[in-house]
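**Student:** My structure is below; once you've seen it, I'll send some questions.
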Amino acid sequence: MTVEAMTAADVMSRVLVTVKPDESPLMAWELMRRGSMHHLPVVDSNSRIIGVLTREDIAAHWSGGPAEQSSSQVRQLLSGRRCPHVPPDASLPAVAAVMLESGVDVVPVIGASGTLQGLVTVTDVLVAVAGRRGAAPPHEEVSAGMFRLEPVLPPKPSRTAEDQRQGP
């Protein structure tokens, strides 16, 4: 298949980790770090795209420590930003043009129902242009994963009877 005949659906990533807009920047950073990801789609409860966070977005807005980052929300990092997107049948040259015109390195692919179907990154475009792309995967629904990481703290040591008699 020629590059001109390829579509967004042919090259997009379908297995995605997503977060809700009320998630903390700390959690988003941790998901990206642990998953070796550079882009993290932010979606609402109906899987409609709100925006795509990058590591640079989080780093640029980082201030304070973990407590401050845990108390804010990723929606604040996306406010006022456009989120250019393409349909699954957009040609690969059209996807590249949207990236260039918008100054982004990732474009969400939005289906007819308005939901997130996948992501096309600059790397996906380069792999396709270089002819390194294998056969296109079957056109299935996007597999989005919602993960919740909770800190695991060791239990507090119980007080012995002797400690209790002596007081605090």
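Letters for chains follow the order of the structure tokens (A, B, ...), residue numbers begin at 1 for each chain, and ligand numbers begin at 1 in the order shown.
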Taking 5 positions as the minimum chain separation for residues in the same chain, which residues sit within 10 Å of Ile58 of chain A when counting only C-alpha atoms? Answer as a ChimeraX atom specification.

**Tutor:** /A:25-26,28-29,53,63,69,74,77

**Student:** Any idea what's packed within 10 Å of segment 82-98 of chain A, counting only C-alpha atoms, ignoring anything in its chain fewer than 2 positions away? Could you give it as a PDB file with C-alpha atoms, in the first residue's frame?

**Tutor:**
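Just written: out13.pdb:
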ATOM      1  CA  THR A   2       1.337   3.443  -0.864  1.00  0.00           C
ATOM      2  CA  VAL A   3       1.678   6.188   1.705  1.00  0.00           C
ATOM      3  CA  GLU A   4      -0.900   8.259  -0.158  1.00  0.00           C
ATOM      4  CA  ALA A   5      -3.425   5.400   0.128  1.00  0.00           C
ATOM      5  CA  MET A   6      -2.863   4.900   3.871  1.00  0.00           C
ATOM      6  CA  THR A   7      -5.365   6.333   6.334  1.00  0.00           C
ATOM      7  CA  ALA A   8      -5.258   7.335   9.977  1.00  0.00           C
ATOM      8  CA  ALA A   9      -6.964   4.034  10.827  1.00  0.00           C
ATOM      9  CA  ASP A  10      -4.132   2.138   9.110  1.00  0.00           C
ATOM     10  CA  VAL A  11      -1.380   3.630  11.261  1.00  0.00           C
ATOM     11  CA  MET A  12      -2.998   4.712  14.552  1.00  0.00           C
ATOM     12  CA  ILE A  49     -11.461  13.583  23.760  1.00  0.00           C
ATOM     13  CA  ILE A  50     -10.770  16.678  25.831  1.00  0.00           C
ATOM     14  CA  GLY A  51      -7.101  16.911  24.940  1.00  0.00           C
ATOM     15  CA  VAL A  52      -3.791  15.089  24.871  1.00  0.00           C
ATOM     16  CA  LEU A  78      -5.527  21.685  28.938  1.00  0.00           C
ATOM     17  CA  SER A  79      -7.737  24.741  29.437  1.00  0.00           C
ATOM     18  CA  GLY A  80      -7.871  27.084  26.472  1.00  0.00           C
ATOM     19  CA  LEU A 100       2.237  20.608  10.762  1.00  0.00           C
ATOM     20  CA  GLU A 101      -0.460  23.282  10.707  1.00  0.00           C
ATOM     21  CA  SER A 102      -1.266  22.797  14.394  1.00  0.00           C
ATOM     22  CA  GLY A 103       2.309  22.411  15.628  1.00  0.00           C
ATOM     23  CA  VAL A 104       1.585  19.100  17.377  1.00  0.00           C
ATOM     24  CA  ASP A 105       3.240  15.690  17.276  1.00  0.00           C
ATOM     25  CA  VAL A 106       0.098  13.685  18.024  1.00  0.00           C
ATOM     26  CA  VAL A 107      -3.417  13.745  16.597  1.00  0.00           C
ATOM     27  CA  PRO A 108      -6.410  11.931  18.107  1.00  0.00           C
ATOM     28  CA  VAL A 109      -8.529   9.901  15.701  1.00  0.00           C
ATOM     29  CA  ILE A 110     -12.212  10.530  16.365  1.00  0.00           C
ATOM     30  CA  GLY A 111     -14.922   8.191  15.064  1.00  0.00           C
ATOM     31  CA  ALA A 112     -18.365   9.110  13.717  1.00  0.00           C
ATOM     32  CA  GLY A 114     -17.400  11.464  18.470  1.00  0.00           C
ATOM     33  CA  LEU A 116     -11.682   8.461  20.657  1.00  0.00           C
ATOM     34  CA  GLN A 117     -10.664   5.676  18.263  1.00  0.00           C
ATOM     35  CA  GLY A 118      -6.881   5.976  18.463  1.00  0.00           C
ATOM     36  CA  LEU A 119      -3.836   8.244  18.255  1.00  0.00           C
ATOM     37  CA  VAL A 120      -1.489   8.964  15.370  1.00  0.00           C
ATOM     38  CA  THR A 121       1.954  10.185  16.406  1.00  0.00           C
ATOM     39  CA  VAL A 122       4.794  11.582  14.340  1.00  0.00           C
ATOM     40  CA  ASP A 124       3.550   6.406  13.349  1.00  0.00           C
ATOM     41  CA  VAL A 125       3.754   8.663  10.276  1.00  0.00           C
ATOM     42  CA  LEU A 126       7.521   8.168   9.913  1.00  0.00           C
ATOM     43  CA  ALA A 128       4.601   4.344   7.504  1.00  0.00           C
ATOM     44  CA  VAL A 129       6.642   6.611   5.207  1.00  0.00           C
ATOM     45  CA  HIS A 139     -10.309  -2.090  12.460  1.00  0.00           C
TER      46      HIS A 139
END

**Student:** Which residue out of A:Gly35, A:Pro21, A:Pro41, A:Gly131 has the minimum interatomic distance to Ser72 of chain A when only C-alpha atoms are used?

**Tutor:**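 Checking each of A:Gly35, A:Pro21, A:Pro41, A:Gly131 against Ser72 of chain A, counting only C-alpha atoms, the winner is A:Pro21.
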
**Student:** So which one's closest to Asp22 of chain A, A:Ser71, A:Ser36, A:Asn46, A:Thr54? Using only C-alpha atoms, please.

**Tutor:** A:Ser71

**Student:** Mind giving me the straight-line distance from atom CA of Met27 of chain A to atom CA of Gln73 of chain A in Å, one decimal?

**Tutor:**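 Computing it gives 9.6 Å between the two atoms.
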